[in-house]
Amino acid sequence: MNRNLTVGAAAAATLVAILSIIITNPNNIFAPPPIPSSNDNLHSAKIVPVTGAVGPESIVFDANGEGPYTGVADGRILKWQADPLGWVEFAVTSSNRKECIRPFAPELEHVCGRPLGLRFDKKTGNLYIADAYLGLQVVGPDGGLATSVVSQVEGHPFRFTNDLDIDEQEDVIYFTDTSKVFQRRQFMAAVLEYDKTGRLLKYDKSNKNVTVLLEGLAFANGVALSKDRSFVLVAETTSCQLTRYWLHGPNAGKVDVFAKLPGFPDNIRRNSKGEFWVALHSKKGLLAKLVLSNPLIGKTLLKFPFSFVQLHSMLVGGKPHAAAIKLSEDGKVVEILEDSDGKTLRFISEVEEKDGKLWIGSVLMPFLGIHYSH
């Protein structure tokens, strides 16, 4: 037998035994420890329930400061109008909504749509949407049914459109397609198999051309332009890093690693100072390091009859938690926030800073969090 296969099978068998420990005892030794120098105070966040919905992944405000708006798992985009109105439906990404009546139904995501990254074009008031199944979409300032902007490149449909950012000066949209192989509801397999078919793409609104800027990314996820528009960042979730693609200046066209992270990054959002907030879906514990050290281990694990919940629990160390990192314009750590015990926030997907508040989303939870920044 191939030695790598033997090692992978043996390691997977060990993980099976460890997984049983994690499932039966959440306070286990495999839970990832707090990040050094972090402020473990996210548990003080205020919770804003998303009534009748799950998974407010991305958070955005319009040019008038209204919102936030967020996309949820049943394909709707909701707008917050404060009490007593609360959340109201603003837009949908699919017209076929007859079956879209449950808050969480992964098997229907390709029918109902799954809006992930959201960005307003401040010049037009249009909301651009990265729908995991339906590609890059747009809806006008009054909402309603979104329409397709682009859903394929080089003759091949996108498999997993994830996030975007807009250069309003050049009328260009940078966005990610997480994988050429896996769709959103298969994201656990994409991570465990260390799929590296993700891409960073550029859509030119003037001529409607799509260009592939980067290929071979390990779970291409969040996107953010620098304040001076000289580079764009893309989160590689499985590699636990932010990759920088230089757009202008002496390094134009070059690629480097902007930051290595202690966990799995989701969305990246720039604040008014030009700093970047990075939401970590979870920290990387001992088990995740072992699984990601050899793709054969992950592939072997997928052959066992584990549920999504069990595999997810293993990767996150069996302990729900939340972690966010603020980076400077040159990739230095400015601040780390955690709810290391998951008392209030868990598995966060985005941190949007506005008017002294951090609005925090999660692709898995039925609520947003609001944390007051310093």
# chains A, B, ... in the order shown; residues from 1 in each chain; ligands from 1

$ residues_around --residues "Met314 (chain A)" --least-positions-apart "2" --cutoff "8 Å" --atoms "only C-alpha atoms" --output "number ranges by chain"
A: 19, 22, 287-288, 310-312, 316-318

$ residues_around --residues "Leu368 (chain A)" --least-positions-apart "5" --cutoff "7 Å" --atoms "only C-alpha atoms" --output "ChimeraX atom specification"
/A:47-49,56,360-362

$ residues_around --residues "Asn221 (chain A)" --least-positions-apart "4" --cutoff "7 Å" --atoms "only C-alpha atoms" --output "PDB file with C-alpha atoms, in the first residue's frame"
ATOM      1  CA  ASN A 162     -18.466  34.326  -2.316  1.00  0.00           C
ATOM      2  CA  ASP A 163     -17.516  37.972  -1.749  1.00  0.00           C
ATOM      3  CA  THR A 176     -14.167  35.545  -5.546  1.00  0.00           C
ATOM      4  CA  THR A 178     -14.336  29.847  -3.955  1.00  0.00           C
ATOM      5  CA  VAL A 234      -8.375  37.982  -0.740  1.00  0.00           C
ATOM      6  CA  ALA A 235      -8.862  35.579   2.160  1.00  0.00           C
ATOM      7  CA  GLU A 236      -7.689  32.010   1.597  1.00  0.00           C
ATOM      8  CA  THR A 237      -9.707  30.262   4.262  1.00  0.00           C
ATOM      9  CA  ASP A 266     -14.033  34.639   6.217  1.00  0.00           C
ATOM     10  CA  ASN A 267     -14.835  38.197   5.110  1.00  0.00           C
TER      11      ASN A 267
END

$ select_by_dssp --residues "region 241-370 of chain A" --states "helix (DSSP H, G or I)" --output "list in words"
Leu286, Leu287, Ala288, Lys289, Leu290, Val291, Leu292, Ser293, Pro295, Leu296, Ile297, Gly298, Lys299, Thr300, Leu301, Phe308, Val309, Gln310, Leu311, His312, Ser313, Met314 and Leu315 of chain A

$ residues_around --residues "region 75-80 of chain A" --least-positions-apart "2" --cutoff "7 Å" --atoms "only C-alpha atoms" --output "PyMOL selection string"
chain A and resi 67-73+82+86-93+112-115

$ closest_residue --among "A:Val181, A:Ala53, A:Leu286, A:Val191" --to "His156 (chain A)" --atoms "only C-alpha atoms"
A:Val181

$ residues_around --residues "region 194-211 of chain A" --least-positions-apart "5" --cutoff "6 Å" --atoms "only C-alpha atoms" --output "count of residues only"
16

$ residues_around --residues "region 332-336 of chain A" --least-positions-apart "4" --cutoff "8 Å" --atoms "only C-alpha atoms" --output "number ranges by chain"
A: 35, 37-39, 259, 323-328

$ closest_residue --among "A:Arg102, A:Arg229, A:His281, A:His371" --to "Gly52 (chain A)" --atoms "only C-alpha atoms"
A:Arg102

$ atom_distance --atom1 "CA of Leu242 (chain A)" --atom2 "CA of Asp40 (chain A)"
23.1 Å

$ select_by_dssp --residues "region 192-266 of chain A" --states "strand (DSSP E)" --output "PyMOL selection string"
chain A and resi 198-204+209-217+220-225+231-236+241-246+255-260+263-266

$ write_last_selection --atoms "C-alpha atoms" --output "PDB file, in the first residue's frame"
ATOM      1  CA  GLY A 198     -10.457  29.175  -6.001  1.00  0.00           C
ATOM      2  CA  ARG A 199     -10.108  32.382  -8.000  1.00  0.00           C
ATOM      3  CA  LEU A 200     -10.015  36.151  -7.630  1.00  0.00           C
ATOM      4  CA  LEU A 201     -11.788  37.825 -10.539  1.00  0.00           C
ATOM      5  CA  LYS A 202     -12.341  41.314 -11.895  1.00  0.00           C
ATOM      6  CA  TYR A 203     -15.535  42.544 -13.553  1.00  0.00           C
ATOM      7  CA  ASP A 204     -15.330  45.722 -15.618  1.00  0.00           C
ATOM      8  CA  ASN A 209     -15.560  41.791 -19.307  1.00  0.00           C
ATOM      9  CA  VAL A 210     -14.493  39.299 -16.638  1.00  0.00           C
ATOM     10  CA  THR A 211     -10.798  38.704 -15.984  1.00  0.00           C
ATOM     11  CA  VAL A 212      -9.232  36.023 -13.791  1.00  0.00           C
ATOM     12  CA  LEU A 213      -6.565  37.741 -11.680  1.00  0.00           C
ATOM     13  CA  LEU A 214      -5.529  34.844  -9.456  1.00  0.00           C
ATOM     14  CA  GLU A 215      -6.060  31.082  -9.600  1.00  0.00           C
ATOM     15  CA  GLY A 216      -5.105  28.171  -7.375  1.00  0.00           C
ATOM     16  CA  LEU A 217      -6.440  29.764  -4.174  1.00  0.00           C
ATOM     17  CA  ALA A 220     -11.050  31.988  -1.971  1.00  0.00           C
ATOM     18  CA  ASN A 221     -13.297  33.961   0.367  1.00  0.00           C
ATOM     19  CA  GLY A 222     -13.397  37.599   1.562  1.00  0.00           C
ATOM     20  CA  VAL A 223     -12.295  40.532  -0.617  1.00  0.00           C
ATOM     21  CA  ALA A 224     -11.221  44.062   0.311  1.00  0.00           C
ATOM     22  CA  LEU A 225      -9.569  46.933  -1.552  1.00  0.00           C
ATOM     23  CA  PHE A 231      -3.980  46.480  -3.853  1.00  0.00           C
ATOM     24  CA  VAL A 232      -6.797  44.073  -3.181  1.00  0.00           C
ATOM     25  CA  LEU A 233      -6.829  41.427  -0.463  1.00  0.00           C
ATOM     26  CA  VAL A 234      -8.375  37.982  -0.740  1.00  0.00           C
ATOM     27  CA  ALA A 235      -8.862  35.579   2.160  1.00  0.00           C
ATOM     28  CA  GLU A 236      -7.689  32.010   1.597  1.00  0.00           C
ATOM     29  CA  GLN A 241      -3.932  33.648   5.261  1.00  0.00           C
ATOM     30  CA  LEU A 242      -4.696  36.865   3.415  1.00  0.00           C
ATOM     31  CA  THR A 243      -3.172  37.117  -0.041  1.00  0.00           C
ATOM     32  CA  ARG A 244      -2.416  40.521  -1.567  1.00  0.00           C
ATOM     33  CA  TYR A 245      -2.689  41.252  -5.294  1.00  0.00           C
ATOM     34  CA  TRP A 246      -1.080  44.531  -6.310  1.00  0.00           C
ATOM     35  CA  VAL A 255       1.259  38.670  -5.397  1.00  0.00           C
ATOM     36  CA  ASP A 256       2.404  38.232  -1.790  1.00  0.00           C
ATOM     37  CA  VAL A 257       1.148  37.055   1.584  1.00  0.00           C
ATOM     38  CA  PHE A 258      -0.328  40.010   3.477  1.00  0.00           C
ATOM     39  CA  ALA A 259      -0.925  38.177   6.767  1.00  0.00           C
ATOM     40  CA  LYS A 260      -0.811  34.703   8.281  1.00  0.00           C
ATOM     41  CA  GLY A 263      -7.634  30.602  12.178  1.00  0.00           C
ATOM     42  CA  PHE A 264      -9.924  30.381   9.177  1.00  0.00           C
ATOM     43  CA  PRO A 265     -10.663  33.834   7.724  1.00  0.00           C
ATOM     44  CA  ASP A 266     -14.033  34.639   6.217  1.00  0.00           C
TER      45      ASP A 266
END

$ atom_distance --atom1 "CA of His248 (chain A)" --atom2 "CA of Lys354 (chain A)"
27.8 Å

$ closest_residue --among "A:Phe276, A:Phe30, A:Phe367, A:Phe120" --to "Lys46 (chain A)" --atoms "only C-alpha atoms"
A:Phe367

$ closest_residue --among "A:Ala132, A:Ile166, A:Ala45, A:Ala189" --to "Gly298 (chain A)" --atoms "only C-alpha atoms"
A:Ala189

$ closest_residue --among "A:Asn294, A:Ser282, A:Thr300, A:Gln81" --to "Leu364 (chain A)" --atoms "only C-alpha atoms"
A:Ser282

$ atom_distance --atom1 "CA of Lys303 (chain A)" --atom2 "CA of Glu193 (chain A)"
11.5 Å

$ decode --residues "region 28-175 of chain A" --atoms "C-alpha atoms" --output "compact mmCIF listing (two decimals), in the first residue's frame"
# COMPACT_ATOMS: atom_id res chain seq x y z
CA ASN A 28 -11.78 19.07 25.82
CA ILE A 29 -8.04 19.53 25.60
CA PHE A 30 -8.24 19.95 21.83
CA ALA A 31 -10.16 23.23 22.03
CA PRO A 32 -8.01 26.05 20.62
CA PRO A 33 -6.62 28.37 23.30
CA PRO A 34 -7.17 32.15 23.35
CA ILE A 35 -5.03 34.08 20.89
CA PRO A 36 -2.09 35.80 22.66
CA SER A 37 -2.73 39.49 23.46
CA SER A 38 -6.41 39.25 22.60
CA ASN A 39 -9.22 41.12 24.36
CA ASP A 40 -11.68 38.43 25.37
CA ASN A 41 -14.63 40.80 25.54
CA LEU A 42 -16.84 40.02 22.53
CA HIS A 43 -19.21 38.23 24.90
CA SER A 44 -20.44 41.69 25.89
CA ALA A 45 -21.87 42.22 22.39
CA LYS A 46 -25.54 43.04 22.04
CA ILE A 47 -27.55 40.45 20.12
CA VAL A 48 -29.95 41.44 17.34
CA PRO A 49 -32.07 38.39 16.41
CA VAL A 50 -32.81 37.85 12.73
CA THR A 51 -36.35 36.64 13.27
CA GLY A 52 -37.35 33.70 11.12
CA ALA A 53 -33.96 33.52 9.43
CA VAL A 54 -30.46 32.09 9.80
CA GLY A 55 -26.99 33.04 8.66
CA PRO A 56 -26.63 36.84 8.30
CA GLU A 57 -23.22 36.48 6.65
CA SER A 58 -22.47 39.95 5.30
CA ILE A 59 -23.45 43.37 6.63
CA VAL A 60 -23.66 46.61 4.67
CA PHE A 61 -25.07 50.14 5.00
CA ASP A 62 -26.32 52.25 2.09
CA ALA A 63 -25.08 55.70 1.08
CA ASN A 64 -27.63 57.33 3.40
CA GLY A 65 -26.36 55.34 6.36
CA GLU A 66 -29.51 53.26 6.48
CA GLY A 67 -29.43 49.58 7.40
CA PRO A 68 -27.72 47.35 7.99
CA TYR A 69 -28.71 45.06 5.17
CA THR A 70 -27.83 41.38 5.35
CA GLY A 71 -28.33 38.23 3.28
CA VAL A 72 -29.75 35.12 4.95
CA ALA A 73 -29.82 31.41 4.19
CA ASP A 74 -33.27 31.31 2.54
CA GLY A 75 -32.14 33.64 -0.25
CA ARG A 76 -33.54 36.92 1.05
CA ILE A 77 -31.74 40.18 1.74
CA LEU A 78 -33.15 41.90 4.80
CA LYS A 79 -32.98 45.54 5.91
CA TRP A 80 -32.93 46.63 9.53
CA GLN A 81 -35.30 49.50 10.26
CA ALA A 82 -34.87 49.57 14.02
CA ASP A 83 -37.64 48.99 16.52
CA PRO A 84 -40.55 48.53 16.23
CA LEU A 85 -40.29 47.55 12.54
CA GLY A 86 -37.13 45.45 12.90
CA TRP A 87 -36.16 43.46 9.82
CA VAL A 88 -38.05 43.87 6.55
CA GLU A 89 -37.50 42.07 3.26
CA PHE A 90 -35.51 44.22 0.83
CA ALA A 91 -34.55 41.90 -2.02
CA VAL A 92 -34.32 38.31 -3.23
CA THR A 93 -31.84 36.70 -5.59
CA SER A 94 -34.18 34.08 -7.10
CA SER A 95 -37.70 34.42 -8.47
CA ASN A 96 -38.41 30.76 -7.77
CA ARG A 97 -39.38 31.05 -4.11
CA LYS A 98 -42.29 28.65 -3.82
CA GLU A 99 -40.26 26.18 -1.75
CA CYS A 100 -38.17 28.77 0.10
CA ILE A 101 -40.13 28.74 3.33
CA ARG A 102 -37.65 27.24 5.81
CA PRO A 103 -34.93 29.39 7.43
CA PHE A 104 -32.26 26.76 6.71
CA ALA A 105 -32.54 24.25 3.87
CA PRO A 106 -29.12 23.62 2.27
CA GLU A 107 -30.64 21.24 -0.28
CA LEU A 108 -32.65 24.16 -1.72
CA GLU A 109 -29.89 26.77 -1.84
CA HIS A 110 -29.40 26.35 -5.58
CA VAL A 111 -33.11 27.10 -6.06
CA CYS A 112 -33.61 29.88 -3.51
CA GLY A 113 -30.17 31.44 -3.86
CA ARG A 114 -27.70 32.11 -1.06
CA PRO A 115 -26.56 35.76 -0.88
CA LEU A 116 -23.13 36.03 0.74
CA GLY A 117 -20.98 39.15 0.23
CA LEU A 118 -22.84 42.47 -0.15
CA ARG A 119 -21.59 45.89 -1.29
CA PHE A 120 -23.36 49.11 -2.23
CA ASP A 121 -22.15 51.18 -5.14
CA LYS A 122 -22.35 54.58 -3.49
CA LYS A 123 -22.56 56.38 -6.84
CA THR A 124 -25.63 54.57 -8.13
CA GLY A 125 -27.20 53.27 -4.92
CA ASN A 126 -27.27 49.77 -6.41
CA LEU A 127 -26.57 46.81 -4.17
CA TYR A 128 -24.20 44.20 -5.60
CA ILE A 129 -24.57 40.67 -4.31
CA ALA A 130 -22.27 37.66 -4.45
CA ASP A 131 -24.78 34.82 -4.53
CA ALA A 132 -23.09 31.48 -3.93
CA TYR A 133 -25.11 29.74 -6.64
CA LEU A 134 -26.34 32.48 -8.96
CA GLY A 135 -23.16 34.49 -9.43
CA LEU A 136 -22.69 38.23 -9.20
CA GLN A 137 -26.05 40.00 -9.01
CA VAL A 138 -27.38 43.55 -8.60
CA VAL A 139 -30.56 45.15 -7.32
CA GLY A 140 -31.58 48.81 -7.41
CA PRO A 141 -31.94 51.18 -4.43
CA ASP A 142 -35.58 50.17 -3.96
CA GLY A 143 -34.83 46.47 -3.75
CA GLY A 144 -36.94 43.71 -5.26
CA LEU A 145 -35.71 40.89 -7.49
CA ALA A 146 -31.99 41.05 -8.19
CA THR A 147 -30.74 40.53 -11.75
CA SER A 148 -27.65 38.76 -13.00
CA VAL A 149 -24.47 40.74 -13.66
CA VAL A 150 -22.21 37.81 -14.54
CA SER A 151 -22.50 34.09 -13.77
CA GLN A 152 -19.63 32.55 -15.73
CA VAL A 153 -16.13 33.07 -17.02
CA GLU A 154 -14.45 31.51 -20.03
CA GLY A 155 -17.64 29.58 -20.74
CA HIS A 156 -17.80 27.91 -17.32
CA PRO A 157 -20.42 28.82 -14.68
CA PHE A 158 -19.20 29.94 -11.27
CA ARG A 159 -19.52 27.21 -8.65
CA PHE A 160 -19.32 29.21 -5.43
CA THR A 161 -19.44 33.01 -5.73
CA ASN A 162 -18.47 34.33 -2.32
CA ASP A 163 -17.52 37.97 -1.75
CA LEU A 164 -16.78 41.23 -3.55
CA ASP A 165 -15.52 44.80 -3.30
CA ILE A 166 -16.12 47.72 -5.63
CA ASP A 167 -13.65 50.24 -7.03
CA GLU A 168 -16.09 53.06 -7.71
CA GLN A 169 -13.48 55.25 -9.38
CA GLU A 170 -12.69 52.68 -12.05
CA ASP A 171 -16.16 51.04 -12.13
CA VAL A 172 -14.61 47.67 -11.40
CA ILE A 173 -15.80 44.86 -9.12
CA TYR A 174 -13.35 42.40 -7.58
CA PHE A 175 -14.95 39.14 -6.47
